[in-house]
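> Before I ask anything, let me first share the structure, which is written out below as structure tokens.
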Amino acid sequence: MASWSPDTPCSCDCFVSVPPASALPAVIFAKNSDRPRDEVQEVVFVPAGTHAPGSRLQCTYIEVEQVSKTHAVILSRPSWLWGAEMGANEHGVCIGNEAVWTKEPVGEGEALLGMDLLRLALERGSSAREALHVITGLLERYGQGGSCREDPTPFCYHNTFLLADRTEAWVLETAGRLWAARRIQEGVHNISNQLSIGSDISAEHPELRPHAQVQGWWDGQGTFDFAQVFSLSQQPVRMEAAKARFRAGQELLQQQQGGITAEVMMGILRDKESGICMDSGGFRTTASMVSVLPQDTTQPCVHFLTATPDPSRSVFKPFIFGVGAAQPPQVLSPTFGAQDPVRTLPRFQTQVDRRHPLYRGHQVALGLMESEQARGQQLRQKQRDLEQEGLVAVRQLLTRECAPPAQELGGLFQAFVEKETQAYA
């Protein structure tokens, strides 16, 4: 059975603000993806699709049945796998996942990764609630499992998810095939590598409580507190550290209640003191995302993605679904077909270079920021100016100060990726 160690990369942080906590009438979603420090995340745009009856879909390790129609999605994903760490779809649904360990054992058998479940939910769910049902249905049918890092030593975990759309958010926490969910209709919430749902359960697996009773974890009489019943009595070191990040995230959100904007969320993701912006030992924040989901359905949802590590020294670039939306090649990693280490058995016996062009340029820029003070400051200022340009453009769009052509909106992310690439050239 796979287990954790002091160096196990298992930290992420997700945040959501639902009006009236937001400064504008919009749900605001954010996530930092903390992964092995040399792992590359790419940003992938997948258009909507139709599929023949009986089609099969290859996920990271296993095949599942394909559905007849899938939604367009934008994904931030570790470039070796099929799923995603975070993403959004054309209907304004956003999802982020996190690693979690509970009293339910984690096996090494290959099934759906939590990241596969996330992508499947975005491709198939037109609301946060619908996406939640997609995940729980697939979890029941296929289970979750398989190594979650590109390494010959298996590293497996179960998952928690934060799902959001234009009107509400849901927290979904799993233990094997079992799960509990909580609906969030207002205020702020965050998750950080631990069970957080107590007795305030909005929906649950029908066998959740009977299973806890059979295992002797709950007597069936008192209040059923999911986190208390299913959490490990002795937490691994990094899960204990996650508690501090969880509390810090709560405080940062609560300090800004009523005034939360995309910029506020970006600031939280960049907070190094709390550990939310991670750079420790063998892992770091490898990509970040912030989404603004207006309650007014005539306004577009805007998704800011970095495609590069360390949000404190990265550019959040705006993406909007629409005419002209396409895949920027600068944030797409090379592919290796049947020779990819994830495809050859036994898996992960060799390594390949998955760095995409923007990642390469960004790594050079980080080196200059650390070694050449003057040049580094110039590059950091270029990053700030570029990000501010995107924020201003989005602010004008959402306040209706300007109404650019649909083609221009769809090409927004591509334009900013090109500008950032040129800044590092």
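Quick note on naming: the chains in the structure tokens go A, B, ... in the order shown, residues restart at 1 in each chain, and ligands are numbered from 1 in order of appearance.
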Find the spatial neighbours of A:Gln383, counting only C-alpha atoms, within a cut-off of 7 Å - ignore same-chain residues fewer than 4 positions away - and output them as a VMD selection string.

chain A and resid 314 to 315 379 387

> Would you mind exporting the chosen residues as a compact mmCIF listing (two decimals), in the first residue's frame, restricted to C-alpha atoms?


# COMPACT_ATOMS: atom_id res chain seq x y z
CA SER A 314 4.43 34.69 -12.60
CA VAL A 315 1.82 36.43 -14.74
CA LEU A 379 11.71 41.49 -15.76
CA GLU A 387 -0.71 41.34 -15.56

> Each residue of stretch 308-402 of chain A lying at most 10 Å from stretch 70-81 of chain A should get a row with its shortest atom-to-atom pair and the distance in Å to one decimal, counting only C-alpha atoms; could you produce that, ordered by chain and increasing number, as a Markdown table?


| residue | atom | partner | partner_atom | distance |
| --- | --- | --- | --- | --- |
| A:Thr308 | CA | A:Ser76 | CA | 10.0 |
| A:Phe319 | CA | A:Ile74 | CA | 8.4 |
| A:Ile320 | CA | A:Ile74 | CA | 9.3 |
| A:Phe321 | CA | A:Ala72 | CA | 8.1 |
| A:Gly322 | CA | A:Ala72 | CA | 9.8 |
| A:Ala325 | CA | A:Ile74 | CA | 9.9 |
| A:Ala326 | CA | A:Ile74 | CA | 9.9 |
| A:Gln327 | CA | A:Ile74 | CA | 9.3 |
| A:Val331 | CA | A:Ser76 | CA | 9.8 |
| A:Leu332 | CA | A:Ser79 | CA | 8.2 |
| A:Ser333 | CA | A:Ser79 | CA | 6.4 |
| A:Pro334 | CA | A:Ser79 | CA | 8.6 |
| A:Thr335 | CA | A:Trp80 | CA | 8.7 |
| A:Phe336 | CA | A:Trp80 | CA | 9.7 |
| A:Asp340 | CA | A:Trp80 | CA | 8.3 |
| A:Pro341 | CA | A:Trp80 | CA | 8.6 |
| A:Val342 | CA | A:Trp80 | CA | 6.9 |
| A:Arg343 | CA | A:Trp80 | CA | 9.7 |
| A:Val352 | CA | A:Trp80 | CA | 9.7 |
| A:Arg354 | CA | A:Ser79 | CA | 6.8 |
| A:Arg355 | CA | A:Ser79 | CA | 8.7 |
| A:His356 | CA | A:Ser79 | CA | 9.4 |

> For A:Arg124, which of A:Thr174, A:Asn193, A:Ser68, A:Gln295 is the closest residue, counting only C-alpha atoms?

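Ranking A:Thr174, A:Asn193, A:Ser68, A:Gln295 by distance to A:Arg124, first place goes to A:Ser68.
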
> Can you list every residue of stretch 24-98 of chain A that has an atom at most 12 Å from stretch 239-246 of chain A, with its nearest atom pair and the distance in Å to one decimal, using only C-alpha atoms, ordered by chain then number, as CSV?


residue,atom,partner,partner_atom,distance
A:Asn32,CA,A:Arg245,CA,11.9
A:Asp34,CA,A:Ala242,CA,11.8
A:Glu98,CA,A:Ala242,CA,11.1

> Which residues come within 6 Å of A:Ala181, counting only C-alpha atoms, excluding same-chain residues fewer than 6 positions away, as a list of chain:residue names?

A:Val171, A:Leu172, A:Ile201, A:Ser202, A:Ala203

> So what do you get for atom CA of A:Ser231 versus atom CA of A:Ile197, distance-wise?

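These atoms are spaced 10.7 Å apart.
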
> Would you compute the distance between atom CA of A:Arg129 and atom CA of A:Glu251? Give it in Å to one decimal.

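These two atoms are separated by 27.0 Å.
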
> Can you tell me, as a ChimeraX atom specification, which residues in stretch 42-160 of chain A count as strand (DSSP E) by DSSP?

/A:42-46,49-50,56-58,63-65,69-70,73-78,86-89,94-100,158-160

> Generate a file of the selected residues that holds N, CA and C atoms, formatted as a short mmCIF file (atom, residue, chain, number, x, y, z; two decimals), in the first residue's frame.


data_model
loop_
_atom_site.label_atom_id
_atom_site.label_comp_id
_atom_site.auth_asym_id
_atom_site.auth_seq_id
_atom_site.Cartn_x
_atom_site.Cartn_y
_atom_site.Cartn_z
N GLU A 42 1.07 22.33 -18.09
CA GLU A 42 0.69 23.00 -19.33
C GLU A 42 -0.75 23.47 -19.22
N VAL A 43 -1.11 24.43 -20.05
CA VAL A 43 -2.50 24.89 -20.12
C VAL A 43 -3.07 24.41 -21.45
N VAL A 44 -4.14 23.63 -21.36
CA VAL A 44 -4.69 22.95 -22.53
C VAL A 44 -6.13 23.40 -22.76
N PHE A 45 -6.42 23.84 -23.98
CA PHE A 45 -7.78 24.16 -24.38
C PHE A 45 -8.33 23.00 -25.20
N VAL A 46 -9.49 22.48 -24.79
CA VAL A 46 -10.14 21.38 -25.52
C VAL A 46 -11.53 21.87 -25.95
N GLY A 49 -17.15 18.76 -27.98
CA GLY A 49 -17.12 17.67 -28.96
C GLY A 49 -18.36 16.81 -28.92
N THR A 50 -18.60 16.09 -30.02
CA THR A 50 -19.65 15.07 -30.07
C THR A 50 -18.97 13.74 -30.34
N ARG A 56 -15.16 4.80 -26.40
CA ARG A 56 -14.40 4.64 -25.16
C ARG A 56 -13.41 5.79 -25.06
N LEU A 57 -13.08 6.16 -23.84
CA LEU A 57 -12.18 7.29 -23.59
C LEU A 57 -11.01 6.83 -22.74
N GLN A 58 -9.79 7.03 -23.23
CA GLN A 58 -8.60 6.68 -22.47
C GLN A 58 -8.24 7.82 -21.52
N GLU A 63 -9.62 3.10 -19.27
CA GLU A 63 -10.63 3.59 -20.18
C GLU A 63 -11.98 3.68 -19.47
N VAL A 64 -12.80 4.65 -19.88
CA VAL A 64 -14.17 4.76 -19.41
C VAL A 64 -15.08 4.96 -20.62
N GLU A 65 -16.36 4.81 -20.41
CA GLU A 65 -17.31 5.05 -21.49
C GLU A 65 -17.39 6.56 -21.77
N LYS A 69 -21.87 14.06 -25.79
CA LYS A 69 -21.40 15.44 -25.97
C LYS A 69 -20.52 15.85 -24.80
N THR A 70 -19.45 16.58 -25.09
CA THR A 70 -18.57 17.11 -24.04
C THR A 70 -18.43 18.62 -24.21
N VAL A 73 -13.33 23.00 -22.54
CA VAL A 73 -12.67 23.18 -21.24
C VAL A 73 -11.32 23.85 -21.42
N ILE A 74 -10.88 24.56 -20.39
CA ILE A 74 -9.52 25.06 -20.27
C ILE A 74 -8.93 24.40 -19.04
N LEU A 75 -7.77 23.76 -19.18
CA LEU A 75 -7.21 22.93 -18.11
C LEU A 75 -5.78 23.34 -17.79
N SER A 76 -5.45 23.33 -16.52
CA SER A 76 -4.05 23.44 -16.09
C SER A 76 -3.69 22.07 -15.53
N ARG A 77 -2.75 21.39 -16.21
CA ARG A 77 -2.51 20.00 -15.84
C ARG A 77 -1.03 19.63 -15.87
N PRO A 78 -0.60 18.73 -14.98
CA PRO A 78 0.73 18.14 -15.11
C PRO A 78 0.80 17.47 -16.48
N MET A 86 -6.69 21.66 -12.13
CA MET A 86 -7.71 22.70 -12.01
C MET A 86 -8.13 23.09 -13.41
N GLY A 87 -9.32 23.68 -13.51
CA GLY A 87 -9.77 24.08 -14.82
C GLY A 87 -11.18 24.63 -14.77
N ALA A 88 -11.70 24.93 -15.96
CA ALA A 88 -13.04 25.51 -16.08
C ALA A 88 -13.65 25.04 -17.39
N ASN A 89 -14.97 25.13 -17.48
CA ASN A 89 -15.62 24.82 -18.75
C ASN A 89 -16.41 26.02 -19.28
N CYS A 94 -15.96 25.74 -12.42
CA CYS A 94 -14.54 25.63 -12.08
C CYS A 94 -14.36 24.53 -11.03
N ILE A 95 -13.26 23.79 -11.12
CA ILE A 95 -12.97 22.75 -10.13
C ILE A 95 -11.48 22.72 -9.84
N GLY A 96 -11.14 22.52 -8.55
CA GLY A 96 -9.78 22.24 -8.13
C GLY A 96 -9.82 21.02 -7.22
N ASN A 97 -8.76 20.22 -7.22
CA ASN A 97 -8.73 19.04 -6.35
C ASN A 97 -7.54 19.10 -5.41
N GLU A 98 -7.58 18.29 -4.37
CA GLU A 98 -6.50 18.22 -3.39
C GLU A 98 -6.31 16.79 -2.90
N ALA A 99 -5.10 16.47 -2.51
CA ALA A 99 -4.80 15.16 -1.94
C ALA A 99 -5.30 15.08 -0.51
N VAL A 100 -5.80 13.88 -0.13
CA VAL A 100 -6.22 13.68 1.25
C VAL A 100 -6.05 12.20 1.61
N HIS A 158 -6.41 9.81 -1.93
CA HIS A 158 -7.79 10.10 -2.27
C HIS A 158 -7.92 11.61 -2.44
N ASN A 159 -9.11 12.09 -2.74
CA ASN A 159 -9.23 13.47 -3.19
C ASN A 159 -10.37 14.24 -2.52
N THR A 160 -10.14 15.53 -2.37
CA THR A 160 -11.21 16.47 -2.07
C THR A 160 -11.30 17.44 -3.24
#

> Between A:Pro36, A:Pro20, A:Gly92, A:Pro328, which is the closest to A:Gln299 once you count only C-alpha atoms?

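Among the listed residues, the smallest separation from A:Gln299 belongs to A:Gly92.
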
> Can you tell me, as a list in words, what residues are no more than 10 Å from A:His133 when counting only C-alpha atoms, ignoring any on the same chain fewer than 6 positions away?

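Final neighbour list, sorted by chain and number: Ala121, Arg124, Gly125, Ser127 and Leu139 of chain A.
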
> Pick out the closest residue to A:Phe316 from this set: A:Ile135, A:Leu391, A:Ile184, A:Leu24. Count only C-alpha atoms.

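Of the candidates, the smallest distance to A:Phe316 is held by A:Leu391.
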
> Could you check the closest approach to A:Pro300 for each of A:Ala365, A:Leu163, A:Val394, A:Leu118 and tell me which residue wins, using only C-alpha atoms?

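The shortest atom-to-atom distance to A:Pro300 comes from A:Val394.
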
> Please determine, counting only C-alpha atoms, which residue among A:Glu186, A:Val93, A:Glu130, A:Glu140 has the shortest atom-to-atom distance to A:Gly258.

A:Glu186

> Among stretch 65-119 of chain A, which ones does DSSP assign to alpha helix (DSSP H) (computed from the backbone)? Answer as a list of chain:residue names.

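Answer for stretch 65-119 of chain A, restricted to alpha helix (DSSP H): A:Gly114, A:Met115, A:Asp116, A:Leu117, A:Leu118, A:Arg119.
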
> If we count only C-alpha atoms and set the cut-off at 10 Å, which residues sit around A:Gly220, ignoring sequence neighbours fewer than 6 positions away in its own chain? Please answer as a list in words.

Arg209, Pro210, Ala212, Gln213 and Val214 of chain A
